[in-house]
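Data first, discussion second: the structure below is written as structure tokens.
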Amino acid sequence: MQVMLVRVLSIISMVCCSMTMLTIFLNKNLQSFAFQLVLFVVTNDFFFALAFACPSAIETFGADSWQCSLQAFSTNYFLLSSIMWSCATGYLISDVIVASKSLSRKKGFNTVLVRRYLIFFCQILPCIPSMLPVLLDGYGDSGNGWCWVKKGSGKYYIYRLFTIYLWNWMAIFYCVYVYIVVTKSLAEISESQDENHWTGSSGWKTLKYYPLVLLVSSMFPTADRFIGLFHHSYYWLKVAHALARTSMGILDSAIFFFTPKVTREVLRSLEYVCTSLRSESSPTSSTDKSMDGYTKNICESSDDVDLTDYHNMVDNKHKSRGAIA
């Protein structure tokens, strides 16, 4: 039951992340620096959910196989990268809000350089703690049928702390601080009613919720591991642990699509597609467009014009419609 729920939720998370990535890729108005950060977050969420959606390598290849180590590495790496990107969004948004400056106005701020630093710290560095259990033979059966750090105490407990939980708990404390500071600063800015302030950017307003997703998705895993230090954890808590982790992509995508700017752009794109389909299916669309253009030219002209051609066009239009009917 637990495995089925996790896989179903992982597939839903993959679909949501795919929709988010496609929306950003296909819409140039949603490719600002703020939405690029969102793209990195949901991309890691997608591959993390993919690792859970795939059947466990333990069932097919065994707990000591390299396939199980690969699946464990993928799960840990993409989860850790997603956590790091959430912290990066929190850092940038808090730095911008507290400084009360936009990134484009901030002296010496280079978005290209910052993007490179973020890719290094959030996408490359997580390889180190994720790779250590591979080198030290620490990946295997985690005790619940999934490939991750092997079940046991001693060195395996240290592996679990170093690969994910130490970074996760530091990220939680930092995100709590960020959320308090950001919420307080936004309230002060709203009271000042400065319409020209940078917070008019919908993308940066959205980023403040991504650290909150990390907090929500880490509650049950943290409680599960903490209780597990003293005695065997509860079954429902383990289920909540797995579901909370695999729902990160759904929550991150929901925040993206409920952003006002994103909603407007999506609706505008859908309206454009529907209009194009209607115009292609209408047999008289070309005639109507020709008449509209001819009428516009007549209206814009200040000289006397010969309306013979116009009346002939109207007659032809009615005849064509009668023929179609």
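Each chain in the structure tokens gets a letter, A, B and so on, in the order shown; residues start at 1 in every chain, and ligands are counted from 1 in the order they appear.
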
As a PDB file with C-alpha atoms, in the first residue's frame, which residues of stretch 3-155 of chain A does DSSP assign to alpha helix (DSSP H)?
ATOM      1  CA  VAL A   3       4.736   1.628  -2.221  1.00  0.00           C
ATOM      2  CA  MET A   4       1.677   2.115  -4.433  1.00  0.00           C
ATOM      3  CA  LEU A   5       0.811   5.474  -2.852  1.00  0.00           C
ATOM      4  CA  VAL A   6       4.378   6.700  -3.235  1.00  0.00           C
ATOM      5  CA  ARG A   7       4.563   5.687  -6.895  1.00  0.00           C
ATOM      6  CA  VAL A   8       1.212   7.247  -7.769  1.00  0.00           C
ATOM      7  CA  LEU A   9       2.134  10.499  -6.042  1.00  0.00           C
ATOM      8  CA  SER A  10       5.556  10.439  -7.713  1.00  0.00           C
ATOM      9  CA  ILE A  11       3.951  10.148 -11.161  1.00  0.00           C
ATOM     10  CA  ILE A  12       1.591  13.033 -10.384  1.00  0.00           C
ATOM     11  CA  SER A  13       4.580  15.057  -9.204  1.00  0.00           C
ATOM     12  CA  MET A  14       6.440  14.302 -12.444  1.00  0.00           C
ATOM     13  CA  VAL A  15       3.451  15.462 -14.515  1.00  0.00           C
ATOM     14  CA  CYS A  16       3.174  18.708 -12.542  1.00  0.00           C
ATOM     15  CA  CYS A  17       6.900  19.407 -12.842  1.00  0.00           C
ATOM     16  CA  SER A  18       6.798  18.679 -16.577  1.00  0.00           C
ATOM     17  CA  MET A  19       3.980  21.180 -17.058  1.00  0.00           C
ATOM     18  CA  THR A  20       5.936  23.791 -15.112  1.00  0.00           C
ATOM     19  CA  MET A  21       9.115  23.242 -17.128  1.00  0.00           C
ATOM     20  CA  LEU A  22       7.259  23.371 -20.458  1.00  0.00           C
ATOM     21  CA  THR A  23       5.434  26.558 -19.455  1.00  0.00           C
ATOM     22  CA  ILE A  24       8.706  28.297 -18.634  1.00  0.00           C
ATOM     23  CA  PHE A  25      10.459  27.030 -21.764  1.00  0.00           C
ATOM     24  CA  LEU A  26       7.649  28.014 -24.149  1.00  0.00           C
ATOM     25  CA  PHE A  33      15.960  35.275 -13.372  1.00  0.00           C
ATOM     26  CA  ALA A  34      13.385  34.577 -10.662  1.00  0.00           C
ATOM     27  CA  PHE A  35      11.527  32.021 -12.775  1.00  0.00           C
ATOM     28  CA  GLN A  36      14.822  30.431 -13.804  1.00  0.00           C
ATOM     29  CA  LEU A  37      15.340  29.584 -10.139  1.00  0.00           C
ATOM     30  CA  VAL A  38      11.900  27.991 -10.105  1.00  0.00           C
ATOM     31  CA  LEU A  39      12.938  25.970 -13.158  1.00  0.00           C
ATOM     32  CA  PHE A  40      15.970  24.554 -11.323  1.00  0.00           C
ATOM     33  CA  VAL A  41      13.829  23.639  -8.310  1.00  0.00           C
ATOM     34  CA  VAL A  42      11.148  21.762 -10.269  1.00  0.00           C
ATOM     35  CA  THR A  43      13.737  20.046 -12.498  1.00  0.00           C
ATOM     36  CA  ASN A  44      15.345  18.449  -9.449  1.00  0.00           C
ATOM     37  CA  ASP A  45      11.887  17.630  -8.078  1.00  0.00           C
ATOM     38  CA  PHE A  46      11.097  15.863 -11.354  1.00  0.00           C
ATOM     39  CA  PHE A  47      14.134  13.575 -11.258  1.00  0.00           C
ATOM     40  CA  PHE A  48      13.665  12.933  -7.539  1.00  0.00           C
ATOM     41  CA  ALA A  49      10.092  11.815  -8.211  1.00  0.00           C
ATOM     42  CA  LEU A  50      11.345   9.725 -11.139  1.00  0.00           C
ATOM     43  CA  ALA A  51      13.670   7.809  -8.813  1.00  0.00           C
ATOM     44  CA  PHE A  52      10.685   6.939  -6.601  1.00  0.00           C
ATOM     45  CA  ALA A  53       8.346   6.200  -9.511  1.00  0.00           C
ATOM     46  CA  ALA A  57      16.128  -2.057  -7.749  1.00  0.00           C
ATOM     47  CA  ILE A  58      16.075  -4.351  -4.694  1.00  0.00           C
ATOM     48  CA  GLU A  59      13.174  -6.320  -6.177  1.00  0.00           C
ATOM     49  CA  THR A  60      14.924  -6.905  -9.517  1.00  0.00           C
ATOM     50  CA  TRP A  66      25.145  -1.317  -8.592  1.00  0.00           C
ATOM     51  CA  GLN A  67      21.634  -0.584  -9.871  1.00  0.00           C
ATOM     52  CA  CYS A  68      20.457  -0.176  -6.282  1.00  0.00           C
ATOM     53  CA  SER A  69      23.422   2.111  -5.524  1.00  0.00           C
ATOM     54  CA  LEU A  70      22.588   4.180  -8.615  1.00  0.00           C
ATOM     55  CA  GLN A  71      18.966   4.528  -7.588  1.00  0.00           C
ATOM     56  CA  ALA A  72      19.986   5.467  -4.042  1.00  0.00           C
ATOM     57  CA  PHE A  73      22.476   8.032  -5.340  1.00  0.00           C
ATOM     58  CA  SER A  74      19.867   9.566  -7.676  1.00  0.00           C
ATOM     59  CA  THR A  75      17.304   9.809  -4.895  1.00  0.00           C
ATOM     60  CA  ASN A  76      19.716  11.442  -2.464  1.00  0.00           C
ATOM     61  CA  TYR A  77      21.375  13.738  -5.012  1.00  0.00           C
ATOM     62  CA  PHE A  78      18.222  15.258  -6.504  1.00  0.00           C
ATOM     63  CA  LEU A  79      16.580  15.655  -3.097  1.00  0.00           C
ATOM     64  CA  LEU A  80      19.670  17.409  -1.730  1.00  0.00           C
ATOM     65  CA  SER A  81      19.902  19.620  -4.831  1.00  0.00           C
ATOM     66  CA  SER A  82      16.241  20.602  -4.480  1.00  0.00           C
ATOM     67  CA  ILE A  83      16.849  21.501  -0.836  1.00  0.00           C
ATOM     68  CA  MET A  84      19.874  23.607  -1.794  1.00  0.00           C
ATOM     69  CA  TRP A  85      17.933  25.443  -4.504  1.00  0.00           C
ATOM     70  CA  SER A  86      15.157  26.211  -2.023  1.00  0.00           C
ATOM     71  CA  CYS A  87      17.751  27.726   0.287  1.00  0.00           C
ATOM     72  CA  ALA A  88      19.216  29.684  -2.631  1.00  0.00           C
ATOM     73  CA  THR A  89      15.845  31.206  -3.455  1.00  0.00           C
ATOM     74  CA  GLY A  90      15.421  32.084   0.196  1.00  0.00           C
ATOM     75  CA  TYR A  91      18.843  33.697   0.338  1.00  0.00           C
ATOM     76  CA  LEU A  92      18.306  35.785  -2.787  1.00  0.00           C
ATOM     77  CA  ILE A  93      14.815  36.950  -1.914  1.00  0.00           C
ATOM     78  CA  SER A  94      15.811  37.855   1.654  1.00  0.00           C
ATOM     79  CA  ASP A  95      18.909  39.665   0.434  1.00  0.00           C
ATOM     80  CA  VAL A  96      16.874  41.647  -2.073  1.00  0.00           C
ATOM     81  CA  ILE A  97      14.045  42.485   0.321  1.00  0.00           C
ATOM     82  CA  VAL A  98      16.188  43.396   3.283  1.00  0.00           C
ATOM     83  CA  ALA A  99      18.371  45.565   1.043  1.00  0.00           C
ATOM     84  CA  THR A 111      22.824  37.589 -12.856  1.00  0.00           C
ATOM     85  CA  VAL A 112      25.030  35.466 -15.135  1.00  0.00           C
ATOM     86  CA  LEU A 113      27.758  35.231 -12.500  1.00  0.00           C
ATOM     87  CA  VAL A 114      25.263  34.560  -9.715  1.00  0.00           C
ATOM     88  CA  ARG A 115      23.656  31.813 -11.786  1.00  0.00           C
ATOM     89  CA  ARG A 116      27.045  30.124 -12.195  1.00  0.00           C
ATOM     90  CA  TYR A 117      27.727  30.291  -8.455  1.00  0.00           C
ATOM     91  CA  LEU A 118      24.292  28.851  -7.702  1.00  0.00           C
ATOM     92  CA  ILE A 119      24.754  25.995 -10.171  1.00  0.00           C
ATOM     93  CA  CYS A 127      27.424  15.191  -5.583  1.00  0.00           C
ATOM     94  CA  ILE A 128      30.036  14.979  -2.802  1.00  0.00           C
ATOM     95  CA  PRO A 129      27.851  13.859   0.144  1.00  0.00           C
ATOM     96  CA  SER A 130      25.745  11.735  -2.216  1.00  0.00           C
ATOM     97  CA  MET A 131      28.799   9.943  -3.624  1.00  0.00           C
ATOM     98  CA  LEU A 132      30.454   9.070  -0.312  1.00  0.00           C
ATOM     99  CA  PRO A 133      28.124   6.125   0.530  1.00  0.00           C
ATOM    100  CA  VAL A 134      28.853   4.755  -2.949  1.00  0.00           C
ATOM    101  CA  LEU A 135      32.577   4.738  -2.224  1.00  0.00           C
ATOM    102  CA  LYS A 155      28.497   4.292  10.598  1.00  0.00           C
TER     103      LYS A 155
END

Name all residues at most 12 Å from A:Val213 (count only C-alpha atoms; drop same-chain ones fewer than 3 positions away) and give them as a short mmCIF file (atom, residue, chain, number, x, y, z; two decimals) with all heavy atoms, in the first residue's frame.
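What landed in result-v8.cif:
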data_model
loop_
_atom_site.label_atom_id
_atom_site.label_comp_id
_atom_site.auth_asym_id
_atom_site.auth_seq_id
_atom_site.Cartn_x
_atom_site.Cartn_y
_atom_site.Cartn_z
N VAL A 41 14.47 24.35 -9.42
CA VAL A 41 13.83 23.64 -8.31
C VAL A 41 12.97 22.49 -8.84
O VAL A 41 13.08 21.34 -8.38
CB VAL A 41 12.99 24.61 -7.46
CG1 VAL A 41 12.18 23.84 -6.41
CG2 VAL A 41 13.88 25.62 -6.76
N VAL A 42 12.08 22.79 -9.79
CA VAL A 42 11.15 21.76 -10.27
C VAL A 42 11.86 20.70 -11.11
O VAL A 42 11.40 19.56 -11.18
CB VAL A 42 9.99 22.40 -11.07
CG1 VAL A 42 9.16 23.30 -10.18
CG2 VAL A 42 10.50 23.14 -12.29
N ASP A 45 13.06 18.33 -8.60
CA ASP A 45 11.89 17.63 -8.08
C ASP A 45 11.43 16.55 -9.05
O ASP A 45 11.01 15.46 -8.62
CB ASP A 45 10.74 18.62 -7.83
CG ASP A 45 11.01 19.53 -6.66
OD1 ASP A 45 11.85 19.19 -5.82
OD2 ASP A 45 10.37 20.60 -6.58
N SER A 82 17.49 19.84 -4.63
CA SER A 82 16.24 20.60 -4.48
C SER A 82 16.24 21.40 -3.18
O SER A 82 15.78 22.55 -3.15
CB SER A 82 15.04 19.65 -4.53
OG SER A 82 13.83 20.34 -4.39
N ILE A 83 16.75 20.80 -2.12
CA ILE A 83 16.85 21.50 -0.84
C ILE A 83 17.78 22.71 -0.96
O ILE A 83 17.48 23.81 -0.47
CB ILE A 83 17.34 20.55 0.26
CG1 ILE A 83 16.27 19.50 0.57
CG2 ILE A 83 17.71 21.30 1.53
CD1 ILE A 83 16.73 18.41 1.52
N TRP A 85 18.54 24.41 -3.68
CA TRP A 85 17.93 25.44 -4.50
C TRP A 85 16.86 26.20 -3.73
O TRP A 85 16.68 27.42 -3.93
CB TRP A 85 17.34 24.83 -5.77
CG TRP A 85 18.35 24.60 -6.86
CD1 TRP A 85 18.83 23.40 -7.30
CD2 TRP A 85 19.02 25.60 -7.64
NE1 TRP A 85 19.74 23.59 -8.30
CE2 TRP A 85 19.89 24.93 -8.53
CE3 TRP A 85 18.99 26.99 -7.66
CZ2 TRP A 85 20.71 25.60 -9.43
CZ3 TRP A 85 19.79 27.66 -8.56
CH2 TRP A 85 20.63 26.98 -9.43
N SER A 86 16.14 25.52 -2.86
CA SER A 86 15.16 26.21 -2.02
C SER A 86 15.85 27.21 -1.10
O SER A 86 15.36 28.32 -0.89
CB SER A 86 14.35 25.20 -1.21
OG SER A 86 13.60 24.35 -2.06
N CYS A 87 16.98 26.80 -0.55
CA CYS A 87 17.75 27.73 0.29
C CYS A 87 18.29 28.89 -0.53
O CYS A 87 18.34 30.03 -0.06
CB CYS A 87 18.91 26.98 0.95
SG CYS A 87 18.42 25.86 2.26
N THR A 89 16.93 30.25 -3.22
CA THR A 89 15.84 31.21 -3.46
C THR A 89 15.56 32.02 -2.20
O THR A 89 15.30 33.22 -2.28
CB THR A 89 14.57 30.47 -3.91
OG1 THR A 89 14.20 29.51 -2.90
CG2 THR A 89 14.79 29.75 -5.21
N GLY A 90 15.61 31.35 -1.05
CA GLY A 90 15.42 32.08 0.20
C GLY A 90 16.49 33.12 0.44
O GLY A 90 16.21 34.24 0.87
N ALA A 171 18.98 23.63 6.59
CA ALA A 171 18.12 24.36 5.65
C ALA A 171 16.80 24.76 6.30
O ALA A 171 16.27 25.83 6.04
CB ALA A 171 17.86 23.50 4.41
N ILE A 172 16.27 23.89 7.16
CA ILE A 172 15.01 24.20 7.85
C ILE A 172 15.18 25.43 8.73
O ILE A 172 14.36 26.37 8.69
CB ILE A 172 14.54 22.99 8.67
CG1 ILE A 172 14.06 21.87 7.75
CG2 ILE A 172 13.44 23.40 9.64
CD1 ILE A 172 13.71 20.59 8.47
N CYS A 175 15.54 28.50 6.54
CA CYS A 175 14.30 28.88 5.87
C CYS A 175 13.29 29.49 6.84
O CYS A 175 12.51 30.36 6.45
CB CYS A 175 13.70 27.67 5.15
SG CYS A 175 14.62 27.19 3.66
N VAL A 176 13.28 29.03 8.08
CA VAL A 176 12.42 29.65 9.09
C VAL A 176 12.82 31.11 9.29
O VAL A 176 11.97 32.01 9.32
CB VAL A 176 12.50 28.88 10.42
CG1 VAL A 176 11.83 29.68 11.53
CG2 VAL A 176 11.84 27.52 10.28
N TYR A 179 11.81 33.09 6.14
CA TYR A 179 10.38 33.32 6.02
C TYR A 179 9.91 34.41 6.98
O TYR A 179 9.08 35.25 6.62
CB TYR A 179 9.61 32.03 6.28
CG TYR A 179 8.18 32.09 5.84
CD1 TYR A 179 7.85 32.05 4.48
CD2 TYR A 179 7.15 32.20 6.76
CE1 TYR A 179 6.54 32.12 4.07
CE2 TYR A 179 5.84 32.27 6.35
CZ TYR A 179 5.54 32.23 5.01
OH TYR A 179 4.22 32.30 4.60
N THR A 206 6.73 35.26 -5.69
CA THR A 206 6.49 33.82 -5.66
C THR A 206 7.59 33.07 -4.92
O THR A 206 7.32 32.10 -4.22
CB THR A 206 6.38 33.29 -7.10
OG1 THR A 206 5.35 34.00 -7.78
CG2 THR A 206 6.08 31.81 -7.11
N LEU A 207 8.83 33.52 -5.06
CA LEU A 207 9.96 32.80 -4.49
C LEU A 207 9.88 32.66 -2.98
O LEU A 207 10.47 31.74 -2.42
CB LEU A 207 11.27 33.49 -4.88
CG LEU A 207 11.71 33.37 -6.34
CD1 LEU A 207 13.06 34.03 -6.53
CD2 LEU A 207 11.76 31.93 -6.79
N LYS A 208 9.18 33.58 -2.32
CA LYS A 208 9.15 33.52 -0.86
C LYS A 208 8.43 32.27 -0.35
O LYS A 208 8.60 31.89 0.82
CB LYS A 208 8.47 34.77 -0.30
CG LYS A 208 6.97 34.81 -0.51
CD LYS A 208 6.34 35.99 0.20
CE LYS A 208 4.82 35.97 0.07
NZ LYS A 208 4.20 37.08 0.81
N TYR A 209 7.63 31.60 -1.21
CA TYR A 209 6.88 30.42 -0.78
C TYR A 209 7.67 29.13 -0.93
O TYR A 209 7.30 28.11 -0.34
CB TYR A 209 5.57 30.30 -1.57
CG TYR A 209 4.61 31.43 -1.31
CD1 TYR A 209 4.38 32.41 -2.27
CD2 TYR A 209 3.94 31.53 -0.09
CE1 TYR A 209 3.50 33.45 -2.04
CE2 TYR A 209 3.06 32.57 0.15
CZ TYR A 209 2.85 33.53 -0.83
OH TYR A 209 1.99 34.56 -0.59
N TYR A 210 8.75 29.13 -1.70
CA TYR A 210 9.49 27.89 -1.92
C TYR A 210 10.23 27.41 -0.67
O TYR A 210 10.28 26.20 -0.42
CB TYR A 210 10.43 28.04 -3.11
CG TYR A 210 9.67 27.98 -4.41
CD1 TYR A 210 9.25 29.14 -5.05
CD2 TYR A 210 9.33 26.76 -4.98
CE1 TYR A 210 8.52 29.09 -6.22
CE2 TYR A 210 8.61 26.70 -6.16
CZ TYR A 210 8.20 27.87 -6.77
OH TYR A 210 7.47 27.82 -7.93
N VAL A 216 7.39 22.39 4.98
CA VAL A 216 6.24 21.48 5.05
C VAL A 216 6.64 20.05 4.70
O VAL A 216 6.25 19.09 5.38
CB VAL A 216 5.12 21.98 4.11
CG1 VAL A 216 3.99 20.95 4.03
CG2 VAL A 216 4.58 23.32 4.57
N SER A 217 7.45 19.90 3.66
CA SER A 217 7.83 18.57 3.21
C SER A 217 8.86 17.90 4.12
O SER A 217 9.11 16.70 3.98
CB SER A 217 8.40 18.64 1.78
OG SER A 217 9.56 19.44 1.74
N SER A 218 9.45 18.66 5.05
CA SER A 218 10.46 18.09 5.95
C SER A 218 9.92 17.78 7.33
O SER A 218 10.64 17.19 8.16
CB SER A 218 11.64 19.07 6.08
OG SER A 218 12.25 19.30 4.83
N MET A 219 8.69 18.14 7.61
CA MET A 219 8.13 17.93 8.95
C MET A 219 8.05 16.45 9.32
O MET A 219 8.60 16.01 10.33
CB MET A 219 6.74 18.58 9.04
CG MET A 219 6.76 20.09 9.02
SD MET A 219 5.08 20.77 8.97
CE MET A 219 4.35 20.01 10.41
N ALA A 244 5.27 12.96 1.95
CA ALA A 244 5.70 14.36 2.05
C ALA A 244 6.86 14.64 1.11
O ALA A 244 6.91 15.71 0.46
CB ALA A 244 6.08 14.69 3.49
N ARG A 245 7.79 13.71 1.02
CA ARG A 245 8.94 13.90 0.14
C ARG A 245 8.52 13.93 -1.33
O ARG A 245 8.97 14.79 -2.10
CB ARG A 245 9.97 12.80 0.36
CG ARG A 245 10.75 12.91 1.64
CD ARG A 245 11.54 14.18 1.73
NE ARG A 245 12.53 14.15 2.79
CZ ARG A 245 13.11 15.23 3.29
NH1 ARG A 245 12.81 16.43 2.81
NH2 ARG A 245 14.02 15.13 4.25
N THR A 246 7.69 13.00 -1.73
CA THR A 246 7.32 12.90 -3.14
C THR A 246 6.31 13.97 -3.57
O THR A 246 6.08 14.13 -4.77
CB THR A 246 6.72 11.52 -3.43
OG1 THR A 246 5.67 11.24 -2.49
CG2 THR A 246 7.78 10.44 -3.32
N SER A 247 5.74 14.70 -2.62
CA SER A 247 4.78 15.76 -2.98
C SER A 247 5.45 17.11 -3.19
O SER A 247 4.76 18.09 -3.49
CB SER A 247 3.72 15.88 -1.89
OG SER A 247 4.30 16.31 -0.66
N MET A 248 6.77 17.18 -3.05
CA MET A 248 7.47 18.46 -3.23
C MET A 248 7.23 19.05 -4.61
O MET A 248 6.99 20.25 -4.77
CB MET A 248 8.96 18.27 -2.98
CG MET A 248 9.33 18.00 -1.54
SD MET A 248 11.11 17.69 -1.31
CE MET A 248 11.79 19.24 -1.88
N GLY A 249 7.30 18.20 -5.64
CA GLY A 249 7.09 18.70 -7.00
C GLY A 249 5.69 19.24 -7.21
O GLY A 249 5.49 20.23 -7.93
N ILE A 250 4.69 18.60 -6.59
CA ILE A 250 3.31 19.07 -6.71
C ILE A 250 3.15 20.44 -6.06
O ILE A 250 2.55 21.36 -6.64
CB ILE A 250 2.34 18.05 -6.07
CG1 ILE A 250 2.46 16.70 -6.77
CG2 ILE A 250 0.91 18.56 -6.11
CD1 ILE A 250 1.65 15.60 -6.14
N LEU A 251 3.70 20.60 -4.87
CA LEU A 251 3.58 21.87 -4.16
C LEU A 251 4.33 23.00 -4.88
O LEU A 251 3.81 24.12 -5.03
CB LEU A 251 4.11 21.71 -2.73
CG LEU A 251 3.35 20.74 -1.83
CD1 LEU A 251 4.04 20.61 -0.48
CD2 LEU A 251 1.91 21.20 -1.65
N ASP A 252 5.55 22.70 -5.34
CA ASP A 252 6.32 23.73 -6.06
C ASP A 252 5.62 24.15 -7.35
O ASP A 252 5.60 25.33 -7.70
CB ASP A 252 7.73 23.21 -6.37
CG ASP A 252 8.59 23.10 -5.12
OD1 ASP A 252 8.34 23.86 -4.17
OD2 ASP A 252 9.51 22.26 -5.10
N SER A 253 5.04 23.19 -8.06
CA SER A 253 4.32 23.51 -9.30
C SER A 253 3.04 24.28 -9.02
O SER A 253 2.68 25.19 -9.78
CB SER A 253 4.00 22.22 -10.07
OG SER A 253 5.18 21.53 -10.42
N ALA A 254 2.36 23.94 -7.94
CA ALA A 254 1.13 24.66 -7.58
C ALA A 254 1.42 26.12 -7.29
O ALA A 254 0.67 27.02 -7.71
CB ALA A 254 0.46 23.98 -6.39
N ILE A 255 2.50 26.38 -6.57
CA ILE A 255 2.88 27.78 -6.29
C ILE A 255 3.16 28.52 -7.59
O ILE A 255 2.75 29.68 -7.77
CB ILE A 255 4.12 27.82 -5.37
CG1 ILE A 255 3.77 27.29 -3.98
CG2 ILE A 255 4.68 29.23 -5.27
CD1 ILE A 255 4.96 27.15 -3.07
N PHE A 256 3.84 27.86 -8.52
CA PHE A 256 4.16 28.50 -9.80
C PHE A 256 2.90 28.87 -10.57
O PHE A 256 2.75 30.00 -11.04
CB PHE A 256 5.03 27.55 -10.62
CG PHE A 256 5.29 28.01 -12.03
CD1 PHE A 256 6.22 29.01 -12.28
CD2 PHE A 256 4.61 27.45 -13.09
CE1 PHE A 256 6.46 29.45 -13.57
CE2 PHE A 256 4.85 27.87 -14.38
CZ PHE A 256 5.77 28.87 -14.63
#

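What separates atom CA of A:Asn168 from atom CA of A:Phe258 is a distance of 26.4 Å.
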
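Reported to one decimal place, the separation of atom CA of A:Asp141 from atom CA of A:Ile227 is 20.0 Å.
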
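Nearest-residue note for A:Ser153: choosing from A:Tyr234, A:Gln123, A:Gly138, A:Ser56, the minimum distance belongs to A:Gly138, counting only C-alpha atoms.
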
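Nearest-residue note for A:Val149: choosing from A:Asp64, A:Asn29, A:Trp236, A:Phe220, the minimum distance belongs to A:Asp64, counting only C-alpha atoms.
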
Notebook entry, point to check: Looking at only C-alpha atoms, which of A:Ala63, A:Tyr177, A:Leu166, A:Cys122 is the one that sits closest to A:Lys151?
Noted result: A:Ala63

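Taking the backbone of this structure through DSSP, the residues of stretch 31-277 of chain A that come out as strand (DSSP E) are Tyr139, Gly140, Asp141, Cys147, Trp148 and Val149 of chain A.
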
Could those selected residues go to a file with all heavy atoms, as a tab-separated table (two decimals), in the first residue's frame?
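The result, stored in result10.tsv:
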chain	number	residue	atom	x	y	z
A	139	TYR	N	25.26	2.34	0.52
A	139	TYR	CA	23.93	2.25	-0.07
A	139	TYR	C	23.48	0.80	-0.15
A	139	TYR	O	24.28	-0.12	-0.38
A	139	TYR	CB	23.91	2.85	-1.47
A	139	TYR	CG	23.94	4.37	-1.49
A	139	TYR	CD1	24.71	5.04	-2.43
A	139	TYR	CD2	23.19	5.12	-0.59
A	139	TYR	CE1	24.74	6.43	-2.47
A	139	TYR	CE2	23.21	6.49	-0.62
A	139	TYR	CZ	23.99	7.15	-1.56
A	139	TYR	OH	24.02	8.52	-1.58
A	140	GLY	N	22.16	0.61	0.04
A	140	GLY	CA	21.58	-0.73	-0.02
A	140	GLY	C	20.13	-0.68	0.41
A	140	GLY	O	19.42	0.30	0.13
A	141	ASP	N	19.68	-1.71	1.10
A	141	ASP	CA	18.29	-1.76	1.58
A	141	ASP	C	18.16	-0.86	2.81
A	141	ASP	O	18.81	-1.08	3.84
A	141	ASP	CB	17.92	-3.20	1.94
A	141	ASP	CG	16.44	-3.34	2.26
A	141	ASP	OD1	15.73	-2.31	2.28
A	141	ASP	OD2	16.00	-4.48	2.50
A	147	CYS	N	15.96	1.70	-2.02
A	147	CYS	CA	17.42	1.80	-2.07
A	147	CYS	C	17.86	3.14	-1.52
A	147	CYS	O	17.55	4.20	-2.09
A	147	CYS	CB	17.91	1.63	-3.52
A	147	CYS	SG	17.67	-0.01	-4.21
A	148	TRP	N	18.58	3.09	-0.44
A	148	TRP	CA	19.18	4.30	0.15
A	148	TRP	C	20.27	3.82	1.11
A	148	TRP	O	20.80	2.73	0.96
A	148	TRP	CB	18.11	5.15	0.86
A	148	TRP	CG	18.59	6.53	1.22
A	148	TRP	CD1	19.19	7.42	0.37
A	148	TRP	CD2	18.54	7.15	2.49
A	148	TRP	NE1	19.52	8.57	1.04
A	148	TRP	CE2	19.12	8.44	2.35
A	148	TRP	CE3	18.06	6.76	3.74
A	148	TRP	CZ2	19.23	9.32	3.41
A	148	TRP	CZ3	18.15	7.64	4.78
A	148	TRP	CH2	18.74	8.92	4.62
A	149	VAL	N	20.62	4.63	2.11
A	149	VAL	CA	21.63	4.21	3.09
A	149	VAL	C	21.12	2.98	3.84
A	149	VAL	O	19.96	2.91	4.24
A	149	VAL	CB	21.94	5.35	4.08
A	149	VAL	CG1	22.94	4.88	5.13
A	149	VAL	CG2	22.48	6.56	3.32

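Restricting the calculation to only C-alpha atoms, the smallest distance between A:Thr222 and any of A:Ser142, A:Met170, A:Phe61, A:Pro260 is found for A:Met170.
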